[in-house]
Number of protein chains: 2
Amino acid sequence: MEQFIDRLERSIVRRGTPVVVGIDPHLPLFPESILPPGLAATDSGVRDLQKVAAVLWTFCRGVLDVVSGLVPAVKFQLAFFEQIGPPGLLVLSDLVRQAHDAGLLVILDGKRGDIGSTALAYAEGMLGAGESSPWGGDALTVNPYLGDDSLEPFVQTANQRRAGMFVLVKTSNPGGRRFQDLVAEGKPIYRHVAAMVEQLAAKQIGRCGYGDVGGVVGATYREQLAELREAMPHTWLLVPGYGSQGATAVDVAPAFDPRGRGAIINNSRAIIFAFRRKEYERFGSRRWQEAIEAATRDMIAELRAETPAGNIRQE
Amino acid sequence: MEQFIDRLERSIVRRGTPVVVGIDPHLPLFPESILPPGLAATDSGVRDLQKVAAVLWTFCRGVLDVVSGLVPAVKFQLAFFEQIGPPGLLVLSDLVRQAHDAGLLVILDGKRGDIGSTALAYAEGMLGAGESSPWGGDALTVNPYLGDDSLEPFVQTANQRRAGMFVLVKTSNPGGRRFQDLVAEGKPIYRHVAAMVEQLAAKQIGRCGYGDVGGVVGATYREQLAELREAMPHTWLLVPGYGSQGATAVDVAPAFDPRGRGAIINNSRAIIFAFRRKEYERFGSRRWQEAIEAATRDMIAELRAETPAGNIRQE
């Protein structure tokens with residue numbers, strides 16, 4: 001099997017777009033048309049977990065059916081599956097398999113981070129498509145606060161299993177500034193993290209010129225996206241914040257290299273709950289899947305028009 | 001129900017010790033006497049997950065049976081349950097219930113961290129004993145890298161459900177220094193985090209004088225433990241690193257206030273795999289539970305002799 005980053009690049013070229021659909025199944029936003037009677041109120045607490053899990057499966061399966069022909073990868077937000085307890089995680093496990101069967105790469109967004117054999121346990125559980133790990137992720141998001149030695153077990157396992165990882169560098173939320181932007185030794189903390197991630201990325205570069213260790217950089221800080229693209233020449237960026245957090249195609253353009261490589265742009269809610277947006281309200285709650293398709297196609301077109309992603313030629 | 005921190009203090013007084021047993025079920029260290037034939041080699045990968053989960057249950061259940069009469073709380077390391085896939089998480093779910101039935105408080109060590117409704121999903125899934133959440137944690141460990149707004153959903157849910165949280169401040173691993181010790185605006189990053197955690201702790205102080213938001217400070221940095229005890233007067237500290245990471249009772253003494261309050265000291269491997277230590281090798285692999293009991297009692301005695309925990313009077 002090819003190394004992760006080359007598989008990712010190949011998938012992007014095959015679909016002609018670097019769009020990643022984020023599967024953040026936030027129950028209160030589900031189309032009413034798929035909710036069994038009385039379920040709307042059971043969002044939290046442990047009532048009816050099995051019933052909630054069944055709806056979770058129906059919805060996410062519906063998302064995969066629509067997007068699998070359009071985009072190279074999906075990103076599952078683990079919190080929403082954990083929230084439903086063990087039944088929610090059984091659903092996740094099944095969805096990862098289905099996503100792979102549909103030809104999608106799978107990014108598990110768990111923002112895990114720990115030390116020593118604990119970090120290794122997360123890595124061995126999460127990383128590795130197919131039968132090589134219980135959760136089957138092609139890549140995992142990782143939190144760097146515990147330092148360089150805490151990343152080693154993830155890097156090591158990713159290498160062994162031809163998987164990848166995306167380390168949080170600069171997050172898209174306003175509060176991300178609180179610690180990430182503090183200046184030490186002449187540069188902000190996120191630049192210290194960026195330097196470490198770039199160093200790890202440069203250690204195992206694929207055919208495409210990037211490494212299997214990527215970085216997460218929010219789309220909501222346009223200037224820093226440009227700064228980090230330059231500072232991290234071998235680091236593929238996972239860019240969240242498009243759509244519901246306010247970032248546009250123009251904002252994410254600096255994340256790409258001139259050939260349209262080097263970044264994947266994630267959009268979660270503005271795609272999977274598109275039927276709730278004014279632009280797609282014509283579809284209504286029943287035609288929620290058509291709204292997903294329209295929103296995905298529109299985002300693909302926006303990136304083609306406004307960013308170097310327009311230079312990716314579909315094979 | 002009383003707020004978390006007062007329940008914790010009451011449990012500590014009832015048992016007469018602030019020792020927390022960390023349940024890090026690292027399969028390669030399991031007593032051979034409980035492994036079915038041929039299982040030793042199936043540590044990673046997806047083979048025999050059900051069989052591995054069954055052994056996981058047997059071992060952890062055996063730990064709970066021994067320690068439930070001795071200590072106030074246990075800390076489950078989520079990575080080791082996730083590593084076994086959905087069957088591992090079913091085991092975790094059952095063990096949390098059993099720990100509660102045995103009168104133990106449960107700390108879920110997941111080091112979760114995310115933003116907005118994703119953070120809320122983690123909080124709602126993890127926090128809340130009994131029927132109030134699927135995972136039933138009395139407290140959860142949380143990673144602060146994403147900033148203050150990322151902690152709000154955890155604080156809010158903890159308040160609503162009378163649960164607690166422990167935010168990573170200064171971790172016990174050598175690499176923790178890499179970012180946590182960088183100096184910005186005249187103080188290291190971990191002091192910036194400490195200031196935020198103390199502010200959150202001070203917002204909801206219990207009868208015991210501490211707040212429901214605690215901090216994680218590694219036992220391996222003795223001076224910083226003293227510094228942080230002083231800088232965070234309302235923050236109960238969860239102190240890992242005792243035992244297998246080399247810290248002793250003398251090292252953790254500065255974590256306590258003079259009444260022996262303000263800290264819980266976690267010991268994972270040096271207790272649950274005590275039969276592998278020279279001091280307890282007399283028990284051998286078959287009498288692993290007796291080794292756990294001896295190691296727990298020894299640690300309790302060490303803390304009584306060498307730290308202000310000696311001032312905790314058993315009710």
# chains A, B, ... in the order shown; residues from 1 in each chain; ligands from 1
call {"tool": "residues_around", "arguments": {"residues": "Ala119 of chain B", "least_positions_apart": "5", "cutoff": "12 Å", "atoms": "only C-alpha atoms", "output": "short mmCIF file (atom, residue, chain, number, x, y, z; two decimals) with C-alpha atoms, in the first residue's frame"}}
result
data_model
loop_
_atom_site.label_atom_id
_atom_site.label_comp_id
_atom_site.auth_asym_id
_atom_site.auth_seq_id
_atom_site.Cartn_x
_atom_site.Cartn_y
_atom_site.Cartn_z
CA ASP A 24 -20.39 16.04 12.74
CA HIS A 26 -25.18 16.94 15.86
CA GLN A 77 -15.98 13.88 14.50
CA LEU A 78 -15.59 11.21 17.19
CA ALA A 79 -17.28 13.22 19.96
CA PHE A 80 -20.72 12.82 18.38
CA GLU A 82 -18.94 8.81 21.83
CA GLN A 83 -21.85 10.93 23.00
CA GLY A 110 -10.44 12.70 17.83
CA LYS A 111 -7.74 15.24 18.76
CA ASN A 173 -12.03 29.18 17.28
CA LYS B 111 -7.64 14.21 27.68
CA ARG B 112 -10.44 15.37 25.40
CA GLY B 113 -10.52 18.83 23.90
CA ASP B 114 -12.44 20.46 21.07
CA GLU B 124 -22.37 15.34 27.61
CA GLY B 125 -21.14 11.88 26.73
CA MET B 126 -18.56 11.61 29.49
CA LEU B 127 -19.68 13.71 32.45
CA VAL B 142 -9.28 17.83 29.42
CA ASN B 143 -6.58 19.29 27.16
CA PRO B 144 -6.35 23.13 27.14
CA LEU B 146 -7.70 24.96 22.09
CA GLY B 147 -8.13 27.78 24.62
CA ASP B 148 -10.65 29.17 27.05
CA ASP B 149 -13.76 28.93 24.89
CA SER B 150 -13.02 25.24 24.32
CA LEU B 151 -13.28 24.60 28.08
CA GLU B 152 -16.62 26.35 28.57
CA PRO B 153 -18.84 23.46 27.39
CA PHE B 154 -17.02 21.12 29.80
CA VAL B 155 -17.39 23.55 32.71
CA GLN B 156 -21.04 24.15 31.93
CA THR B 157 -21.88 20.43 31.67
#
call {"tool": "residues_around", "arguments": {"residues": "Gln224 of chain B", "least_positions_apart": "2", "cutoff": "12 Å", "atoms": "only C-alpha atoms", "output": "PDB file with N, CA and C atoms, in the first residue's frame"}}
result
ATOM      1  N   VAL B 169      -2.183  20.842  33.002  1.00  0.00           N
ATOM      2  CA  VAL B 169      -1.421  22.066  33.219  1.00  0.00           C
ATOM      3  C   VAL B 169       0.051  21.782  32.902  1.00  0.00           C
ATOM      4  N   LYS B 170       0.614  20.826  33.639  1.00  0.00           N
ATOM      5  CA  LYS B 170       2.045  20.505  33.473  1.00  0.00           C
ATOM      6  C   LYS B 170       2.132  18.981  33.494  1.00  0.00           C
ATOM      7  N   THR B 171       2.491  18.389  32.365  1.00  0.00           N
ATOM      8  CA  THR B 171       2.455  16.928  32.292  1.00  0.00           C
ATOM      9  C   THR B 171       3.785  16.322  32.739  1.00  0.00           C
ATOM     10  N   SER B 172       3.736  15.035  33.069  1.00  0.00           N
ATOM     11  CA  SER B 172       4.869  14.393  33.751  1.00  0.00           C
ATOM     12  C   SER B 172       5.984  13.919  32.819  1.00  0.00           C
ATOM     13  N   ARG B 177       7.932  19.539  28.504  1.00  0.00           N
ATOM     14  CA  ARG B 177       8.606  20.848  28.570  1.00  0.00           C
ATOM     15  C   ARG B 177       8.586  21.588  27.243  1.00  0.00           C
ATOM     16  N   GLN B 180       5.117  23.506  27.047  1.00  0.00           N
ATOM     17  CA  GLN B 180       4.580  23.966  28.333  1.00  0.00           C
ATOM     18  C   GLN B 180       5.553  24.879  29.070  1.00  0.00           C
ATOM     19  N   ASP B 181       6.845  24.728  28.838  1.00  0.00           N
ATOM     20  CA  ASP B 181       7.837  25.537  29.554  1.00  0.00           C
ATOM     21  C   ASP B 181       8.324  26.746  28.766  1.00  0.00           C
ATOM     22  N   PRO B 188       6.089  30.872  32.073  1.00  0.00           N
ATOM     23  CA  PRO B 188       5.933  29.737  31.155  1.00  0.00           C
ATOM     24  C   PRO B 188       4.459  29.501  30.800  1.00  0.00           C
ATOM     25  N   TYR B 190       2.716  26.905  30.966  1.00  0.00           N
ATOM     26  CA  TYR B 190       1.908  26.170  31.946  1.00  0.00           C
ATOM     27  C   TYR B 190       1.370  27.089  33.035  1.00  0.00           C
ATOM     28  N   ARG B 191       2.069  28.221  33.294  1.00  0.00           N
ATOM     29  CA  ARG B 191       1.539  29.183  34.265  1.00  0.00           C
ATOM     30  C   ARG B 191       0.357  29.965  33.677  1.00  0.00           C
ATOM     31  N   ALA B 194      -2.338  27.546  34.056  1.00  0.00           N
ATOM     32  CA  ALA B 194      -2.674  27.471  35.479  1.00  0.00           C
ATOM     33  C   ALA B 194      -3.562  28.641  35.899  1.00  0.00           C
ATOM     34  N   VAL B 216      -4.171  19.017  36.200  1.00  0.00           N
ATOM     35  CA  VAL B 216      -3.240  17.885  36.183  1.00  0.00           C
ATOM     36  C   VAL B 216      -1.815  18.440  36.228  1.00  0.00           C
ATOM     37  N   VAL B 217      -1.061  18.044  37.241  1.00  0.00           N
ATOM     38  CA  VAL B 217       0.328  18.481  37.371  1.00  0.00           C
ATOM     39  C   VAL B 217       1.177  17.255  37.696  1.00  0.00           C
ATOM     40  N   GLY B 218       2.128  16.949  36.843  1.00  0.00           N
ATOM     41  CA  GLY B 218       2.940  15.749  37.006  1.00  0.00           C
ATOM     42  C   GLY B 218       3.782  15.773  38.270  1.00  0.00           C
ATOM     43  N   ALA B 219       3.959  14.586  38.871  1.00  0.00           N
ATOM     44  CA  ALA B 219       4.732  14.463  40.106  1.00  0.00           C
ATOM     45  C   ALA B 219       6.228  14.529  39.843  1.00  0.00           C
ATOM     46  N   THR B 220       6.610  14.492  38.577  1.00  0.00           N
ATOM     47  CA  THR B 220       8.026  14.385  38.248  1.00  0.00           C
ATOM     48  C   THR B 220       8.762  15.725  38.308  1.00  0.00           C
ATOM     49  N   TYR B 221       8.016  16.814  38.524  1.00  0.00           N
ATOM     50  CA  TYR B 221       8.645  18.137  38.652  1.00  0.00           C
ATOM     51  C   TYR B 221       8.289  18.711  40.013  1.00  0.00           C
ATOM     52  N   ARG B 222       9.112  18.370  41.013  1.00  0.00           N
ATOM     53  CA  ARG B 222       8.775  18.680  42.396  1.00  0.00           C
ATOM     54  C   ARG B 222       8.638  20.187  42.659  1.00  0.00           C
ATOM     55  N   ALA B 226       5.182  22.601  43.873  1.00  0.00           N
ATOM     56  CA  ALA B 226       5.081  23.581  44.957  1.00  0.00           C
ATOM     57  C   ALA B 226       4.637  24.946  44.424  1.00  0.00           C
ATOM     58  N   GLU B 227       5.238  25.333  43.316  1.00  0.00           N
ATOM     59  CA  GLU B 227       4.907  26.622  42.691  1.00  0.00           C
ATOM     60  C   GLU B 227       3.418  26.671  42.295  1.00  0.00           C
ATOM     61  N   LEU B 228       2.945  25.562  41.725  1.00  0.00           N
ATOM     62  CA  LEU B 228       1.560  25.554  41.240  1.00  0.00           C
ATOM     63  C   LEU B 228       0.562  25.406  42.391  1.00  0.00           C
ATOM     64  N   ARG B 229       0.951  24.685  43.444  1.00  0.00           N
ATOM     65  CA  ARG B 229       0.071  24.603  44.626  1.00  0.00           C
ATOM     66  C   ARG B 229      -0.198  26.015  45.145  1.00  0.00           C
ATOM     67  N   GLU B 230       0.845  26.836  45.138  1.00  0.00           N
ATOM     68  CA  GLU B 230       0.702  28.194  45.636  1.00  0.00           C
ATOM     69  C   GLU B 230      -0.087  29.080  44.655  1.00  0.00           C
ATOM     70  N   ALA B 231       0.184  28.890  43.360  1.00  0.00           N
ATOM     71  CA  ALA B 231      -0.458  29.746  42.352  1.00  0.00           C
ATOM     72  C   ALA B 231      -1.923  29.387  42.120  1.00  0.00           C
ATOM     73  N   MET B 232      -2.318  28.191  42.556  1.00  0.00           N
ATOM     74  CA  MET B 232      -3.681  27.722  42.273  1.00  0.00           C
ATOM     75  C   MET B 232      -4.377  27.306  43.575  1.00  0.00           C
ATOM     76  N   VAL B 239      -2.368  14.397  40.406  1.00  0.00           N
ATOM     77  CA  VAL B 239      -0.921  14.280  40.235  1.00  0.00           C
ATOM     78  C   VAL B 239      -0.537  12.887  39.734  1.00  0.00           C
ATOM     79  N   ASP B 251       8.371  13.569  46.741  1.00  0.00           N
ATOM     80  CA  ASP B 251       8.176  14.425  45.571  1.00  0.00           C
ATOM     81  C   ASP B 251       6.787  15.040  45.510  1.00  0.00           C
ATOM     82  N   VAL B 252       5.763  14.284  45.932  1.00  0.00           N
ATOM     83  CA  VAL B 252       4.397  14.787  45.778  1.00  0.00           C
ATOM     84  C   VAL B 252       3.914  15.586  46.983  1.00  0.00           C
ATOM     85  N   ALA B 253       4.692  15.588  48.058  1.00  0.00           N
ATOM     86  CA  ALA B 253       4.275  16.294  49.284  1.00  0.00           C
ATOM     87  C   ALA B 253       3.844  17.739  49.026  1.00  0.00           C
ATOM     88  N   PRO B 254       4.560  18.486  48.165  1.00  0.00           N
ATOM     89  CA  PRO B 254       4.175  19.893  47.961  1.00  0.00           C
ATOM     90  C   PRO B 254       2.809  20.091  47.296  1.00  0.00           C
ATOM     91  N   ALA B 255       2.208  19.010  46.793  1.00  0.00           N
ATOM     92  CA  ALA B 255       0.923  19.156  46.111  1.00  0.00           C
ATOM     93  C   ALA B 255      -0.224  19.410  47.088  1.00  0.00           C
TER      94      ALA B 255
END
call {"tool": "residues_around", "arguments": {"residues": "Trp236 of chain B", "least_positions_apart": "3", "cutoff": "7 Å", "atoms": "only C-alpha atoms", "output": "MDAnalysis selection string"}}
result
chainID B and resid 210 214:215 262:263
call {"tool": "select_by_dssp", "arguments": {"residues": "segment 67-277 of chain B", "states": "strand (DSSP E or B)", "output": "NGL selection string"}}
result
:B and (73-77 or 105-112 or 127 or 137 or 139-142 or 164-170 or 183-184 or 187-188 or 205 or 211 or 213-217 or 237-239 or 242 or 247 or 263-267)
call {"tool": "write_last_selection", "arguments": {"atoms": "C-alpha atoms", "output": "mmCIF file, in the first residue's frame"}}
result
data_model
loop_
_atom_site.group_PDB
_atom_site.id
_atom_site.type_symbol
_atom_site.label_atom_id
_atom_site.label_comp_id
_atom_site.auth_asym_id
_atom_site.auth_seq_id
_atom_site.Cartn_x
_atom_site.Cartn_y
_atom_site.Cartn_z
ATOM 1 C CA ALA B 73 -11.400 6.826 43.281
ATOM 2 C CA VAL B 74 -10.148 5.096 40.173
ATOM 3 C CA LYS B 75 -8.980 6.656 36.913
ATOM 4 C CA PHE B 76 -9.678 4.777 33.699
ATOM 5 C CA GLN B 77 -7.226 5.412 30.857
ATOM 6 C CA LEU B 105 -15.578 7.824 42.205
ATOM 7 C CA VAL B 106 -14.642 7.501 38.530
ATOM 8 C CA ILE B 107 -12.237 9.762 36.666
ATOM 9 C CA LEU B 108 -12.244 9.210 32.902
ATOM 10 C CA ASP B 109 -8.766 9.998 31.604
ATOM 11 C CA GLY B 110 -9.461 10.868 27.981
ATOM 12 C CA LYS B 111 -7.642 14.215 27.677
ATOM 13 C CA ARG B 112 -10.444 15.369 25.400
ATOM 14 C CA LEU B 127 -19.678 13.708 32.448
ATOM 15 C CA GLY B 137 -17.707 9.832 34.649
ATOM 16 C CA ALA B 139 -14.773 13.729 36.208
ATOM 17 C CA LEU B 140 -12.888 13.902 32.906
ATOM 18 C CA THR B 141 -9.374 15.033 32.001
ATOM 19 C CA VAL B 142 -9.285 17.829 29.418
ATOM 20 C CA GLY B 164 -15.717 17.713 37.688
ATOM 21 C CA MET B 165 -12.817 18.057 35.304
ATOM 22 C CA PHE B 166 -9.035 18.109 35.490
ATOM 23 C CA VAL B 167 -7.303 20.300 32.925
ATOM 24 C CA LEU B 168 -3.758 19.413 31.833
ATOM 25 C CA VAL B 169 -1.421 22.066 33.219
ATOM 26 C CA LYS B 170 2.045 20.505 33.473
ATOM 27 C CA VAL B 183 8.208 31.583 28.420
ATOM 28 C CA ALA B 184 5.739 34.184 27.152
ATOM 29 C CA LYS B 187 6.002 33.242 32.581
ATOM 30 C CA PRO B 188 5.933 29.737 31.155
ATOM 31 C CA ILE B 205 -16.019 26.596 45.233
ATOM 32 C CA GLY B 211 -13.569 24.195 42.934
ATOM 33 C CA VAL B 213 -12.314 22.432 37.954
ATOM 34 C CA GLY B 214 -9.009 20.817 38.863
ATOM 35 C CA GLY B 215 -5.593 20.673 37.245
ATOM 36 C CA VAL B 216 -3.240 17.885 36.183
ATOM 37 C CA VAL B 217 0.328 18.481 37.371
ATOM 38 C CA LEU B 237 -4.557 18.797 41.670
ATOM 39 C CA LEU B 238 -4.544 15.386 40.019
ATOM 40 C CA VAL B 239 -0.921 14.280 40.235
ATOM 41 C CA TYR B 242 4.027 8.312 41.138
ATOM 42 C CA ALA B 247 8.173 10.069 41.683
ATOM 43 C CA ALA B 263 -4.386 16.808 45.733
ATOM 44 C CA ILE B 264 -5.058 13.269 44.614
ATOM 45 C CA ILE B 265 -2.059 11.141 43.750
ATOM 46 C CA ASN B 266 -2.475 8.699 40.906
ATOM 47 C CA ASN B 267 -0.544 5.470 40.571
#
call {"tool": "atom_distance", "arguments": {"atom1": "atom CA of Asp212 of chain A", "atom2": "atom CA of Phe4 of chain A"}}
result
6.0 Å
call {"tool": "select_by_dssp", "arguments": {"residues": "segment 189-252 of chain B", "states": "alpha helix (DSSP H)", "output": "short mmCIF file (atom, residue, chain, number, x, y, z; two decimals) with N, CA and C atoms, in the first residue's frame"}}
result
data_model
loop_
_atom_site.label_atom_id
_atom_site.label_comp_id
_atom_site.auth_asym_id
_atom_site.auth_seq_id
_atom_site.Cartn_x
_atom_site.Cartn_y
_atom_site.Cartn_z
N ILE B 189 4.26 28.84 29.66
CA ILE B 189 2.91 28.57 29.17
C ILE B 189 2.08 27.84 30.24
N TYR B 190 2.72 26.90 30.97
CA TYR B 190 1.91 26.17 31.95
C TYR B 190 1.37 27.09 33.03
N ARG B 191 2.07 28.22 33.29
CA ARG B 191 1.54 29.18 34.26
C ARG B 191 0.36 29.97 33.68
N HIS B 192 0.39 30.20 32.37
CA HIS B 192 -0.77 30.82 31.72
C HIS B 192 -1.99 29.90 31.83
N VAL B 193 -1.74 28.62 31.57
CA VAL B 193 -2.84 27.65 31.68
C VAL B 193 -3.31 27.57 33.14
N ALA B 194 -2.34 27.55 34.06
CA ALA B 194 -2.67 27.47 35.48
C ALA B 194 -3.56 28.64 35.90
N ALA B 195 -3.25 29.84 35.39
CA ALA B 195 -4.03 31.02 35.75
C ALA B 195 -5.48 30.87 35.28
N MET B 196 -5.64 30.33 34.08
CA MET B 196 -6.99 30.15 33.56
C MET B 196 -7.75 29.10 34.37
N VAL B 197 -7.07 28.01 34.69
CA VAL B 197 -7.72 26.93 35.45
C VAL B 197 -8.11 27.42 36.84
N GLU B 198 -7.22 28.16 37.50
CA GLU B 198 -7.52 28.69 38.83
C GLU B 198 -8.74 29.62 38.79
N GLN B 199 -8.80 30.42 37.72
CA GLN B 199 -9.94 31.32 37.56
C GLN B 199 -11.25 30.54 37.45
N LEU B 200 -11.21 29.45 36.69
CA LEU B 200 -12.41 28.61 36.54
C LEU B 200 -12.74 27.91 37.86
N ALA B 201 -11.70 27.43 38.55
CA ALA B 201 -11.91 26.73 39.82
C ALA B 201 -12.56 27.65 40.84
N ARG B 222 9.11 18.37 41.01
CA ARG B 222 8.77 18.68 42.40
C ARG B 222 8.64 20.19 42.66
N GLU B 223 9.57 20.98 42.12
CA GLU B 223 9.53 22.42 42.39
C GLU B 223 8.29 23.07 41.79
N GLN B 224 7.94 22.58 40.59
CA GLN B 224 6.78 23.18 39.93
C GLN B 224 5.48 22.78 40.61
N LEU B 225 5.50 21.66 41.28
CA LEU B 225 4.33 21.23 42.04
C LEU B 225 4.11 22.23 43.19
N ALA B 226 5.18 22.60 43.87
CA ALA B 226 5.08 23.58 44.96
C ALA B 226 4.64 24.95 44.42
N GLU B 227 5.24 25.33 43.32
CA GLU B 227 4.91 26.62 42.69
C GLU B 227 3.42 26.67 42.30
N LEU B 228 2.94 25.56 41.72
CA LEU B 228 1.56 25.55 41.24
C LEU B 228 0.56 25.41 42.39
N ARG B 229 0.95 24.68 43.44
CA ARG B 229 0.07 24.60 44.63
C ARG B 229 -0.20 26.01 45.15
N GLU B 230 0.84 26.84 45.14
CA GLU B 230 0.70 28.19 45.64
C GLU B 230 -0.09 29.08 44.65
N ALA B 231 0.18 28.89 43.36
CA ALA B 231 -0.46 29.75 42.35
C ALA B 231 -1.92 29.39 42.12
N ALA B 249 6.82 9.67 47.47
CA ALA B 249 5.97 10.43 48.39
C ALA B 249 6.57 11.80 48.69
N VAL B 250 7.89 11.84 48.85
CA VAL B 250 8.54 13.12 49.12
C VAL B 250 8.32 14.10 47.95
N ASP B 251 8.37 13.57 46.74
CA ASP B 251 8.18 14.43 45.57
C ASP B 251 6.79 15.04 45.51
N VAL B 252 5.76 14.28 45.93
CA VAL B 252 4.40 14.79 45.78
C VAL B 252 3.91 15.59 46.98
#
call {"tool": "atom_distance", "arguments": {"atom1": "atom CA of Trp135 of chain A", "atom2": "atom CA of Ile115 of chain B"}}
result
22.9 Å
call {"tool": "residues_around", "arguments": {"residues": "segment 27-36 of chain B", "least_positions_apart": "4", "cutoff": "8 Å", "atoms": "only C-alpha atoms", "output": "VMD selection string"}}
result
chain B and resid 40 43 55 to 56 58 to 59 273 285 to 286 288
call {"tool": "write_last_selection", "arguments": {"atoms": "N, CA and C atoms", "output": "PDB file, in the first residue's frame"}}
result
ATOM      1  N   ALA B  40      -1.422 -13.923  24.054  1.00  0.00           N
ATOM      2  CA  ALA B  40      -0.322 -12.981  24.295  1.00  0.00           C
ATOM      3  C   ALA B  40       0.089 -12.224  23.041  1.00  0.00           C
ATOM      4  N   ASP B  43      -1.906  -8.575  20.886  1.00  0.00           N
ATOM      5  CA  ASP B  43      -1.984  -7.249  21.480  1.00  0.00           C
ATOM      6  C   ASP B  43      -2.503  -6.187  20.522  1.00  0.00           C
ATOM      7  N   VAL B  55     -10.720 -10.695  28.506  1.00  0.00           N
ATOM      8  CA  VAL B  55      -9.590 -10.682  29.448  1.00  0.00           C
ATOM      9  C   VAL B  55      -9.460  -9.305  30.107  1.00  0.00           C
ATOM     10  N   LEU B  56      -9.674  -8.279  29.311  1.00  0.00           N
ATOM     11  CA  LEU B  56      -9.648  -6.906  29.820  1.00  0.00           C
ATOM     12  C   LEU B  56     -10.641  -6.774  30.979  1.00  0.00           C
ATOM     13  N   THR B  58     -11.940  -9.194  32.864  1.00  0.00           N
ATOM     14  CA  THR B  58     -11.516 -10.014  34.007  1.00  0.00           C
ATOM     15  C   THR B  58     -10.458  -9.298  34.833  1.00  0.00           C
ATOM     16  N   PHE B  59      -9.476  -8.744  34.131  1.00  0.00           N
ATOM     17  CA  PHE B  59      -8.378  -8.078  34.836  1.00  0.00           C
ATOM     18  C   PHE B  59      -8.880  -6.843  35.587  1.00  0.00           C
ATOM     19  N   PHE B 273       0.094  -3.545  38.104  1.00  0.00           N
ATOM     20  CA  PHE B 273       1.023  -4.600  37.692  1.00  0.00           C
ATOM     21  C   PHE B 273       2.115  -4.796  38.740  1.00  0.00           C
ATOM     22  N   SER B 285       2.747 -14.329  39.394  1.00  0.00           N
ATOM     23  CA  SER B 285       1.697 -13.977  38.437  1.00  0.00           C
ATOM     24  C   SER B 285       0.308 -14.424  38.899  1.00  0.00           C
ATOM     25  N   ARG B 286       0.236 -15.548  39.629  1.00  0.00           N
ATOM     26  CA  ARG B 286      -1.089 -16.039  40.046  1.00  0.00           C
ATOM     27  C   ARG B 286      -1.727 -15.201  41.150  1.00  0.00           C
ATOM     28  N   TRP B 288      -1.580 -12.024  41.631  1.00  0.00           N
ATOM     29  CA  TRP B 288      -1.458 -10.623  41.209  1.00  0.00           C
ATOM     30  C   TRP B 288      -2.369  -9.692  41.998  1.00  0.00           C
TER      31      TRP B 288
END
